[in-house]
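> As input, take input04.cif (mmCIF, C-alpha atoms):
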```cif
data_model
#
loop_
_atom_site.label_atom_id
_atom_site.label_comp_id
_atom_site.auth_asym_id
_atom_site.auth_seq_id
_atom_site.Cartn_x
_atom_site.Cartn_y
_atom_site.Cartn_z
CA MET A 19 68.75 -167.49 133.66
CA ALA A 20 67.95 -168.97 137.07
CA ALA A 21 64.67 -167.96 138.67
CA SER A 22 66.52 -166.35 141.55
CA ASP A 23 68.33 -164.08 139.07
CA LEU A 24 65.13 -162.48 137.78
CA ARG A 25 63.37 -160.97 140.77
CA ASP A 26 63.84 -157.19 140.96
CA LYS A 27 66.87 -157.31 138.65
CA TYR A 28 65.07 -155.70 135.70
CA ALA A 29 62.42 -153.02 135.43
CA ILE A 30 59.97 -151.42 133.03
CA VAL A 31 60.96 -147.78 132.81
CA GLY A 32 58.98 -146.47 129.85
CA ILE A 33 55.53 -147.05 128.40
CA GLY A 34 53.92 -145.75 125.25
CA MET A 35 50.44 -146.19 123.83
CA THR A 36 49.02 -144.30 120.89
CA PRO A 37 45.46 -142.98 120.92
CA THR A 38 42.76 -145.43 119.89
CA ALA A 39 41.11 -144.72 116.53
CA ARG A 40 37.34 -144.62 117.02
CA THR A 41 36.31 -143.45 113.56
CA HIS A 42 37.66 -146.32 111.41
CA ALA A 43 40.05 -143.76 109.91
CA PRO A 44 42.34 -145.44 107.38
CA GLY A 45 45.88 -144.50 106.52
CA VAL A 46 48.06 -145.21 109.56
CA SER A 47 49.93 -148.44 109.02
CA PRO A 48 50.80 -150.91 111.80
CA LEU A 49 54.47 -150.00 111.28
CA ARG A 50 53.81 -146.30 111.84
CA LEU A 51 51.67 -147.04 114.90
CA GLU A 52 54.43 -149.23 116.30
CA ALA A 53 57.07 -146.56 115.72
CA TRP A 54 54.81 -143.92 117.27
CA ALA A 55 54.34 -146.03 120.41
CA ALA A 56 58.07 -146.74 120.67
CA ARG A 57 58.84 -143.02 120.46
CA LEU A 58 56.32 -142.31 123.23
CA ALA A 59 57.87 -145.00 125.44
CA ILE A 60 61.39 -143.64 124.92
CA GLU A 61 60.21 -140.15 125.79
CA ASP A 62 58.30 -141.45 128.81
CA ALA A 63 61.50 -143.03 130.14
CA GLY A 64 63.41 -139.78 129.69
CA LEU A 65 65.80 -141.44 127.23
CA ARG A 66 67.08 -140.53 123.78
CA ARG A 67 66.66 -142.68 120.73
CA GLN A 68 70.40 -143.29 120.62
CA ASP A 69 70.20 -144.79 124.13
CA ILE A 70 68.15 -147.73 122.81
CA ASP A 71 70.47 -150.58 121.84
CA GLY A 72 68.06 -153.53 121.89
CA ALA A 73 64.70 -153.92 120.16
CA VAL A 74 61.94 -156.52 119.97
CA HIS A 75 59.07 -156.59 117.51
CA ALA A 76 56.49 -158.43 119.60
CA MET A 77 54.48 -160.31 117.00
CA ALA A 78 51.48 -162.55 117.64
CA GLY A 79 51.32 -164.81 114.61
CA SER A 80 53.15 -165.86 111.50
CA PRO A 81 55.59 -163.27 110.17
CA HIS A 82 53.91 -163.66 106.80
CA ALA A 83 50.63 -162.28 108.11
CA ASN A 84 51.72 -158.66 108.41
CA TYR A 85 54.18 -157.92 105.64
CA GLY A 86 55.02 -154.33 106.51
CA GLN A 87 56.43 -155.07 109.94
CA TRP A 88 58.31 -158.12 108.70
CA LEU A 89 60.03 -156.43 105.76
CA ASP A 90 60.79 -153.17 107.56
CA THR A 91 61.30 -152.24 111.20
CA TYR A 92 60.05 -149.55 113.52
CA THR A 93 63.66 -149.01 114.62
CA ARG A 94 64.63 -147.90 111.13
CA THR A 95 61.60 -145.61 111.04
CA LEU A 96 62.79 -143.95 114.26
CA GLY A 97 66.49 -143.93 113.41
CA ILE A 98 67.33 -146.37 116.21
CA ARG A 99 70.45 -148.48 115.70
CA PRO A 100 70.14 -151.48 118.05
CA ASN A 101 72.81 -154.07 118.66
CA VAL A 102 70.06 -156.69 118.56
CA TYR A 103 66.68 -156.65 116.80
CA LEU A 104 64.43 -159.69 117.25
CA ASN A 105 60.96 -160.80 116.23
CA THR A 106 59.19 -162.90 118.85
CA VAL A 107 56.37 -164.99 117.43
CA ARG A 108 53.87 -167.22 119.15
CA GLY A 109 50.42 -166.38 120.29
CA ALA A 110 49.04 -163.25 121.89
CA TYR A 111 51.29 -163.01 124.92
CA VAL A 112 53.56 -160.69 122.97
CA ALA A 113 54.48 -158.42 125.90
CA HIS A 114 55.31 -161.31 128.21
CA ASN A 115 57.37 -163.02 125.54
CA GLY A 116 59.09 -159.77 124.62
CA ILE A 117 59.92 -158.90 128.22
CA ASN A 118 61.38 -162.35 128.74
CA VAL A 119 63.63 -161.83 125.69
CA ALA A 120 64.59 -158.33 126.89
CA CYS A 121 65.70 -159.66 130.26
CA GLN A 122 67.86 -162.25 128.51
CA LEU A 123 69.49 -159.57 126.33
CA LEU A 124 70.21 -157.44 129.38
CA ALA A 125 71.59 -160.39 131.35
CA MET A 126 73.92 -161.28 128.47
CA GLY A 127 75.21 -157.71 128.22
CA LEU A 128 73.97 -157.38 124.64
CA ALA A 129 71.92 -154.28 125.40
CA ASN A 130 71.39 -151.62 128.05
CA TYR A 131 67.90 -150.44 127.12
CA VAL A 132 65.46 -152.64 125.20
CA VAL A 133 62.29 -151.42 123.49
CA ILE A 134 59.42 -153.88 122.93
CA ALA A 135 56.69 -152.75 120.55
CA ASN A 136 53.77 -153.74 118.38
CA GLY A 137 51.32 -151.88 116.17
CA LEU A 138 47.90 -152.93 114.90
CA ALA A 139 45.47 -151.44 112.39
CA GLY A 140 42.72 -153.96 112.89
CA MET A 141 39.75 -151.60 112.93
CA SER A 142 40.74 -149.71 109.80
CA GLY A 143 41.72 -152.94 108.08
CA ALA A 144 38.39 -154.52 108.93
CA HIS A 145 36.50 -151.60 107.40
CA ALA A 146 38.82 -150.92 104.48
CA ALA A 147 37.42 -151.03 100.99
CA GLY A 148 39.04 -153.50 98.65
CA THR A 149 39.91 -157.13 98.46
CA ARG A 150 40.11 -159.69 101.22
CA ALA A 151 43.89 -159.62 100.77
CA ASN A 152 43.95 -155.95 101.72
CA ILE A 153 41.95 -156.70 104.84
CA SER A 154 44.24 -159.57 105.78
CA ALA A 155 47.39 -157.49 105.38
CA ASN A 156 46.00 -154.65 107.49
CA VAL A 157 44.61 -156.79 110.28
CA GLY A 158 47.51 -159.21 110.37
CA LEU A 159 45.35 -162.33 110.66
CA PRO A 160 45.31 -165.46 108.52
CA MET A 161 42.80 -165.42 105.69
CA ASP A 162 40.79 -168.37 106.97
CA ILE A 163 39.89 -166.46 110.14
CA ILE A 164 38.70 -163.42 108.23
CA GLU A 165 37.00 -164.94 105.21
CA PHE A 166 33.76 -165.88 106.94
CA GLY A 167 34.19 -163.62 109.92
CA LEU A 168 32.87 -160.42 111.39
CA GLN A 169 35.95 -158.23 111.02
CA ARG A 170 33.94 -155.54 109.24
CA LEU A 171 31.74 -155.25 112.32
CA GLY A 172 34.72 -154.30 114.46
CA LEU A 173 35.04 -157.64 116.23
CA SER A 174 38.50 -159.11 116.57
CA ALA A 175 37.48 -162.62 115.63
CA GLY A 176 34.83 -163.78 113.21
CA ALA A 177 32.59 -166.80 113.18
CA SER A 178 35.38 -169.23 112.45
CA ALA A 179 38.47 -170.36 114.32
CA ALA A 180 38.58 -168.17 117.42
CA PRO A 181 34.97 -167.90 118.63
CA THR A 182 34.11 -171.45 117.65
CA GLY A 183 37.13 -172.82 119.51
CA HIS A 184 36.73 -170.58 122.52
CA GLY A 185 32.96 -171.00 122.45
CA PHE A 186 33.51 -174.74 122.72
CA TYR A 187 35.32 -174.22 126.02
CA ALA A 188 32.66 -171.86 127.29
CA SER A 189 29.80 -174.23 126.45
CA ARG A 190 31.70 -177.14 128.02
CA HIS A 191 32.13 -175.12 131.22
CA MET A 192 28.43 -174.30 131.18
CA TYR A 193 27.60 -177.98 130.75
CA GLU A 194 29.91 -179.24 133.49
CA TYR A 195 29.45 -176.53 136.10
CA GLY A 196 26.18 -174.79 135.32
CA THR A 197 27.77 -171.51 134.27
CA THR A 198 25.09 -169.18 132.92
CA HIS A 199 24.82 -166.54 130.21
CA GLU A 200 24.25 -163.95 132.92
CA GLN A 201 27.58 -164.92 134.49
CA LEU A 202 29.33 -164.46 131.14
CA GLY A 203 27.52 -161.14 130.97
CA ALA A 204 28.88 -160.18 134.39
CA VAL A 205 32.41 -160.33 132.92
CA ALA A 206 31.42 -158.16 129.97
CA LEU A 207 29.71 -155.63 132.23
CA SER A 208 32.66 -155.50 134.61
CA ALA A 209 34.93 -154.61 131.70
CA ARG A 210 32.45 -152.01 130.51
CA ALA A 211 32.25 -150.50 134.01
CA TRP A 212 36.04 -150.15 134.24
CA ALA A 213 36.04 -148.60 130.74
CA GLN A 214 33.83 -145.79 132.04
CA LEU A 215 36.77 -144.75 134.24
CA ASN A 216 39.30 -144.76 131.38
CA PRO A 217 39.07 -141.96 128.78
CA GLU A 218 41.32 -144.00 126.45
CA ALA A 219 38.93 -146.96 126.36
CA ARG A 220 36.94 -147.76 123.25
CA TYR A 221 33.69 -147.90 125.25
CA TYR A 222 34.35 -144.91 127.46
CA GLY A 223 31.09 -143.02 127.82
CA ARG A 224 29.08 -146.06 126.71
CA PRO A 225 27.88 -147.92 129.83
CA ALA A 226 25.86 -151.12 129.47
CA THR A 227 23.37 -153.16 131.45
CA MET A 228 22.59 -156.86 131.64
CA GLU A 229 19.59 -156.18 129.44
CA ASP A 230 21.94 -154.71 126.82
CA TYR A 231 24.14 -157.79 127.07
CA LEU A 232 21.28 -160.27 126.70
CA LYS A 233 19.95 -158.35 123.70
CA SER A 234 23.30 -158.18 121.92
CA ARG A 235 23.46 -160.24 118.72
CA TRP A 236 24.53 -163.86 118.66
CA VAL A 237 27.89 -164.59 117.06
CA CYS A 238 28.62 -168.24 117.82
CA TYR A 239 26.82 -170.00 120.65
CA PRO A 240 27.22 -169.43 123.56
CA TYR A 241 28.77 -166.10 122.63
CA ARG A 242 27.03 -162.84 121.92
CA ALA A 243 28.76 -159.80 120.49
CA MET A 244 29.54 -158.44 123.96
CA ASP A 245 31.40 -161.68 124.79
CA LEU A 246 34.03 -160.95 122.12
CA CYS A 247 36.99 -158.60 122.32
CA ILE A 248 37.09 -155.52 120.13
CA GLN A 249 39.38 -154.23 117.39
CA SER A 250 41.63 -151.18 117.59
CA ASP A 251 44.04 -149.10 115.56
CA MET A 252 46.91 -148.42 117.90
CA GLY A 253 50.44 -149.20 118.98
CA GLY A 254 52.02 -150.02 122.31
CA ALA A 255 55.58 -150.16 123.60
CA LEU A 256 57.66 -150.82 126.72
CA ILE A 257 61.24 -149.97 127.70
CA VAL A 258 63.08 -152.50 129.89
CA THR A 259 66.47 -152.05 131.55
CA THR A 260 68.39 -153.19 134.62
CA ALA A 261 67.28 -152.15 138.08
CA GLU A 262 70.51 -150.18 138.54
CA ARG A 263 69.94 -148.05 135.46
CA ALA A 264 66.24 -147.73 136.23
CA ARG A 265 66.87 -145.87 139.46
CA ASP A 266 68.36 -142.91 137.58
CA LEU A 267 65.46 -142.44 135.14
CA ARG A 268 62.36 -140.30 135.15
CA HIS A 269 59.82 -142.59 136.79
CA LYS A 270 59.80 -144.85 139.79
CA PRO A 271 60.80 -148.27 138.41
CA VAL A 272 58.25 -151.05 138.01
CA TYR A 273 60.23 -154.18 138.80
CA ILE A 274 59.82 -157.50 137.02
CA LYS A 275 59.48 -159.98 139.86
CA GLY A 276 58.58 -163.17 138.07
CA ILE A 277 57.60 -164.55 134.65
CA GLY A 278 56.04 -167.95 134.01
CA PHE A 279 54.80 -169.73 130.90
CA GLY A 280 52.52 -172.70 130.49
CA ASP A 281 51.67 -174.70 127.38
CA GLN A 282 49.09 -177.43 127.17
CA ALA A 283 51.20 -179.19 124.61
CA ARG A 284 52.61 -180.71 127.80
CA ASP A 285 49.25 -182.52 128.14
CA GLN A 286 47.96 -182.94 124.62
CA TRP A 287 44.51 -181.76 123.63
CA TRP A 288 43.20 -185.22 122.72
CA ARG A 289 43.44 -186.22 126.39
CA LYS A 290 40.50 -183.86 126.92
CA THR A 291 41.90 -182.40 130.15
CA ASN A 292 42.02 -178.80 128.93
CA TYR A 293 38.38 -178.33 127.95
CA THR A 294 37.47 -176.20 130.95
CA GLN A 295 40.82 -174.69 131.92
CA THR A 296 43.80 -172.73 130.71
CA ASP A 297 47.40 -173.46 131.65
CA ALA A 298 47.41 -170.50 134.01
CA ALA A 299 47.95 -172.66 137.10
CA TYR A 300 51.32 -173.87 135.81
CA ALA A 301 52.42 -170.45 134.56
CA LYS A 302 51.31 -168.86 137.84
CA ARG A 303 53.26 -171.36 139.93
CA LYS A 304 56.49 -170.61 138.05
CA ALA A 305 56.00 -166.83 138.17
CA PHE A 306 55.00 -166.79 141.84
CA GLU A 307 57.97 -168.96 142.81
CA GLN A 308 60.31 -166.44 141.19
CA ALA A 309 58.51 -163.44 142.66
CA GLY A 310 58.15 -164.89 146.16
CA VAL A 311 54.48 -163.89 146.37
CA ASN A 312 51.14 -165.48 147.15
CA LEU A 313 47.73 -164.79 145.67
CA SER A 314 46.84 -162.67 148.69
CA ASP A 315 49.68 -160.29 147.76
CA ILE A 316 48.10 -159.37 144.41
CA ASP A 317 46.49 -155.92 144.39
CA LEU A 318 45.15 -156.03 140.83
CA ALA A 319 45.22 -158.17 137.72
CA THR A 320 45.22 -157.39 134.00
CA PHE A 321 44.12 -160.53 132.20
CA TYR A 322 43.95 -161.37 128.51
CA ASP A 323 40.16 -161.30 128.17
CA CYS A 324 39.76 -162.28 124.53
CA PHE A 325 36.35 -163.73 125.46
CA THR A 326 34.28 -163.52 128.62
CA ALA A 327 34.60 -167.18 129.62
CA GLU A 328 38.40 -166.88 129.72
CA VAL A 329 38.12 -164.54 132.70
CA ILE A 330 35.98 -167.09 134.53
CA PHE A 331 38.61 -169.73 133.80
CA TYR A 332 41.37 -167.43 135.08
CA MET A 333 39.64 -166.77 138.38
CA GLU A 334 39.49 -170.54 138.92
CA ASP A 335 42.90 -171.45 137.48
CA TYR A 336 44.73 -168.75 139.43
CA GLY A 337 42.99 -169.84 142.61
CA TRP A 338 40.58 -167.06 143.55
CA CYS A 339 37.85 -169.67 143.60
CA LYS A 340 37.48 -173.41 143.01
CA LYS A 341 37.02 -174.94 139.58
CA GLY A 342 33.39 -174.50 138.59
CA GLU A 343 32.82 -171.56 140.93
CA GLY A 344 34.11 -168.85 138.59
CA GLY A 345 30.67 -167.91 137.30
CA PRO A 346 29.18 -167.07 140.72
CA PHE A 347 32.48 -165.40 141.68
CA VAL A 348 32.40 -162.88 138.83
CA ALA A 349 28.64 -162.42 139.21
CA SER A 350 29.23 -161.33 142.82
CA GLY A 351 31.00 -158.20 141.56
CA ALA A 352 34.40 -159.36 142.80
CA ILE A 353 36.26 -158.22 139.67
CA ALA A 354 34.29 -155.03 138.99
CA PRO A 355 34.96 -151.55 140.42
CA GLY A 356 34.65 -151.81 144.19
CA GLY A 357 35.23 -155.59 144.14
CA SER A 358 37.75 -157.64 146.08
CA ILE A 359 40.18 -158.13 143.16
CA PRO A 360 40.22 -155.41 140.49
CA VAL A 361 40.53 -157.06 137.07
CA ASN A 362 41.30 -155.18 133.84
CA THR A 363 40.96 -151.72 135.28
CA HIS A 364 41.53 -150.20 131.83
CA GLY A 365 38.54 -152.02 130.31
CA GLY A 366 40.56 -154.92 128.95
CA LEU A 367 40.21 -156.34 125.47
CA LEU A 368 36.44 -156.52 125.90
CA ALA A 369 35.85 -152.80 126.39
CA GLY A 370 39.18 -150.95 126.45
CA MET A 371 41.43 -151.63 123.50
CA PHE A 372 42.85 -154.52 121.53
CA LEU A 373 46.62 -154.47 121.81
CA TYR A 374 47.27 -158.09 122.67
CA ASP A 375 48.64 -158.23 126.23
CA LEU A 376 50.58 -154.98 125.82
CA GLY A 377 47.57 -152.95 126.92
CA GLY A 378 47.29 -154.92 130.14
CA VAL A 379 50.99 -154.61 130.97
CA ILE A 380 50.90 -150.87 130.27
CA GLU A 381 47.87 -150.54 132.56
CA ALA A 382 49.65 -152.50 135.31
CA VAL A 383 52.63 -150.14 135.06
CA ARG A 384 50.35 -147.11 135.29
CA GLN A 385 48.64 -148.55 138.36
CA LEU A 386 51.95 -149.27 140.08
CA ARG A 387 53.15 -145.75 139.28
CA GLY A 388 49.92 -144.29 140.67
CA GLU A 389 49.02 -142.79 137.27
CA ALA A 390 45.67 -144.47 136.60
CA GLY A 391 43.49 -141.50 137.45
CA GLU A 392 39.91 -142.19 138.46
CA ARG A 393 40.42 -145.95 138.27
CA GLN A 394 43.55 -145.99 140.44
CA VAL A 395 43.71 -148.93 142.85
CA LYS A 396 44.65 -147.37 146.17
CA GLY A 397 48.00 -148.51 147.56
CA ALA A 398 48.73 -150.86 144.65
CA GLU A 399 52.16 -152.48 145.04
CA ILE A 400 51.88 -155.85 143.26
CA ALA A 401 50.18 -156.46 139.91
CA LEU A 402 49.52 -159.72 138.07
CA THR A 403 49.42 -159.75 134.26
CA SER A 404 48.68 -162.44 131.72
CA GLY A 405 48.81 -163.28 128.02
CA HIS A 406 46.98 -166.10 126.31
CA ALA A 407 46.73 -167.81 122.93
CA GLY A 408 46.23 -171.02 121.01
CA GLU A 409 48.09 -172.98 118.34
CA ILE A 410 47.99 -176.65 119.35
CA VAL A 411 45.52 -177.47 116.57
CA GLY A 412 44.18 -174.00 115.84
CA PRO A 413 44.13 -170.39 117.07
CA GLY A 414 41.24 -171.06 119.41
CA MET A 415 42.56 -174.01 121.38
CA CYS A 416 43.68 -171.98 124.42
CA ALA A 417 47.04 -173.71 124.70
CA ILE A 418 49.55 -171.07 125.74
CA HIS A 419 49.57 -168.91 128.85
CA GLY A 420 52.01 -166.31 130.15
CA THR A 421 52.02 -164.88 133.68
CA MET A 422 54.04 -161.99 135.07
CA VAL A 423 54.29 -160.39 138.51
CA LEU A 424 55.22 -156.71 138.66
CA GLY A 425 55.91 -154.57 141.72
CA ASN A 426 56.94 -151.05 142.65
CA VAL A 427 58.97 -152.01 145.72
CA VAL A 428 62.10 -154.18 145.90
CA SER A 429 61.40 -157.21 148.06
#
```
Represent the structure from my file as structure tokens, please.


Amino acid sequence: MAASDLRDKYAIVGIGMTPTARTHAPGVSPLRLEAWAARLAIEDAGLRRQDIDGAVHAMAGSPHANYGQWLDTYTRTLGIRPNVYLNTVRGAYVAHNGINVACQLLAMGLANYVVIANGLAGMSGAHAAGTRANISANVGLPMDIIEFGLQRLGLSAGASAAPTGHGFYASRHMYEYGTTHEQLGAVALSARAWAQLNPEARYYGRPATMEDYLKSRWVCYPYRAMDLCIQSDMGGALIVTTAERARDLRHKPVYIKGIGFGDQARDQWWRKTNYTQTDAAYAKRKAFEQAGVNLSDIDLATFYDCFTAEVIFYMEDYGWCKKGEGGPFVASGAIAPGGSIPVNTHGGLLAGMFLYDLGGVIEAVRQLRGEAGERQVKGAEIALTSGHAGEIVGPGMCAIHGTMVLGNVVS
């Protein structure tokens, strides 16, 4: 598909997100959560189940990590009979990857309405009684990440692959540019502040101060507990169709204007060029070229904030400030409520919910529909979303980046 064929040709017309479990309640499987979210998205679009003829299970890791969703499908649970059902697997940009696949299916005439969904039971799995194998199956993470980790404390990554890898990048940035713990804390507190405006957020009703951040327990230097994303039991789903069909549905369409991907496998890790950056600059350039937008056109961003330092990297790599200036930029309040660029208005992964990048895309759609309630960005027309993950040598190596531009007006 040529870049010129993507802009405003396809739209997100339905969104679904289940409630977030806050009580560690066991019993709802990832498959059931995924099916629940898909049903909500279909209903949100004003469609019937029999209208759905394409489906994507938007996975993040190996298909062997979460057996239930690999051996059975949420489409069968819902009685959907798609022409095409696909699993997309690589990293935590599941929504971006899934939307890209959906657009291809629509362009090829293989489907008219495509559902993209994922379900997670990470919080319940982390607190479940039983063997490590039970925990691994519920959370959907490789055993080596969980074995010595902090899953039972409700953190999404323990003291092994993810925080050690990501912490390496954070400490390198601190060494090279003088980034401080208080600047990392500014990211965490921004997310917490946005969460106070979102009743669906995990930390809604639980504000925090810099003193709270600095007193939070150490996990893996330079990260404290408030630097790490959270766990959730929930499912999320999107419905994508052509712009022509979208105009006849329940909601004002949210158009897909551009999608870009970057992978630092293009510049291998041993060259040591990726220690203080993501591949967002490359992904952004591709997405912005398709969308025909500039950074000044962006009204809000929903970034994959797996750790606090990633947000600092994004602000630099996307161009809101120069490399090395991300710490002072976030500390200025620029990304918090009332700031110059609203970032993760739903609370993000740090304070809202863990649903890979699906939560951020769903929030962007709500903002562009004008449905974000107290946190609504006034006059929002263009939203920037991202997904992010690893896999060059391990889950924490920050290799992959996905960027998408969404808008509520045809340009």

> Nearest residue to Gln122 of chain A out of A:Leu24, A:Val348, A:Ile30, A:Val427, using all atoms listed in the file?

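The answer is A:Leu24, which sits nearest to Gln122 of chain A.
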
> Any idea what's packed within 7 Å of His75 of chain A, counting only C-alpha atoms, ignoring anything in its chain fewer than 4 positions away? Could you give it as a ChimeraX atom specification?

/A:104-106,134-136

> Just say which residues the PyMOL selection byres ((chain A and resi 51) around 12) picks in this file, as JSON, numbers by chain.

{"A": [34, 35, 36, 37, 38, 39, 45, 46, 47, 48, 49, 50, 52, 53, 54, 55, 56, 57, 58, 86, 87, 91, 92, 95, 96, 135, 136, 137, 138, 139, 140, 250, 251, 252, 253, 254, 255, 373]}

> Have a look at atom CA of Cys339 of chain A and atom CA of Ala204 of chain A and let me know their distance in Å, one decimal.

16.0 Å

> On this file, the PyMOL selection byres ((chain A and resi 375) around 9) gives some set of residues; write that set as a PyMOL selection string.

chain A and resi 110-114+320-322+367+372-374+376-380+403-406

> Could you write out as a list in words the residues that the PyMOL selection byres ((chain A and resi 227) around 10) matches in the shown file?

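Taken over the shown coordinates, the PyMOL selection byres ((chain A and resi 227) around 10) returns Gly203, Ala204, Ala206, Leu207, Arg210, Ala211, Pro225, Ala226, Met228, Glu229, Asp230, Tyr231, Leu232 and Lys233 of chain A.
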
> Mind giving me the straight-line distance from atom CA of Arg25 of chain A to atom CA of Gly425 of chain A in Å, one decimal?

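Interatomic distance here is 9.9 Å.
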
> Compile the contact shell of Val423 of chain A as a VMD selection string: residues with an atom at most 10 Å away, counting all atoms listed in the file, same-chain residues fewer than 2 positions apart removed.

chain A and resid 25 273 to 278 302 305 to 306 308 to 311 316 319 382 400 to 404 421 425

> I'd like to know which of A:Ile70, A:Ile330, A:Met141, A:Ala219 is closest to Pro100 of chain A, using all atoms listed in the file.

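With all atoms listed in the file as the atom set, the closest residue is A:Ile70.
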
> Out of A:Asn362, A:Thr259, A:Ser234, A:Thr296, which residue has the shortest atom-to-atom distance to Val205 of chain A when counting all atoms listed in the file?

A:Asn362

> Pick the closest to Thr326 of chain A from A:Ile418, A:Val31, A:Ile60, A:Leu202: which is it, counting all atoms listed in the file?

A:Leu202

> Return the padded bounding box of segment 235-244 of chain A as AutoDock Vina command-line options: axis-aligned, built from all atoms listed in the file, 8 Å added on each side, with centre and edge lengths in Å to one decimal.


```
--center_x 26.5 --center_y -164.2 --center_z 120.5 --size_x 22.1 --size_y 27.6 --size_z 22.9
```

> Between atom CA of Asp297 of chain A and atom CA of Glu334 of chain A, measure the distance and give it in Å to one decimal.

11.1 Å

> Using all atoms listed in the file, which of the listed residues (A:Tyr332, A:Ala407, A:Pro360, A:Ala125) sits closest to Val107 of chain A?

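Answer, going by the shortest atom-to-atom distance: A:Ala407.
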
> Measuring between all atoms listed in the file, which one of A:Ile257, A:Ala188, A:Ala78, A:Met371 shows the shortest distance to Pro217 of chain A?

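Ranking A:Ile257, A:Ala188, A:Ala78, A:Met371 by distance to Pro217 of chain A, first place goes to A:Met371.
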
> Go ahead and find all residues with at least one atom no further than 10 Å from (50.4, -148.8, 137.0) in the file's coordinates, using all atoms listed in the file; report them as a PyMOL selection string.

chain A and resi 272+318+378-390+394-395+398-401+424-426

> Which residues, written as a PyMOL selection string, have at least one atom at most 12 Å from Tyr193 of chain A, with only C-alpha atoms counted and residues fewer than 6 positions away on the same chain left out?

chain A and resi 186-187+199+240+293-294+342

> Within 9 Å of Arg268 of chain A, counting all atoms listed in the file, which residues qualify if same-chain residues fewer than 2 places away don't, as a list of chain:residue names?

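Contacts, with the query itself left out: A:Val31, A:Gly32, A:Asp62, A:Ala63, A:Gly64, A:Leu65, A:Ala264, A:Arg265, A:Asp266, A:Lys270, A:Pro271.
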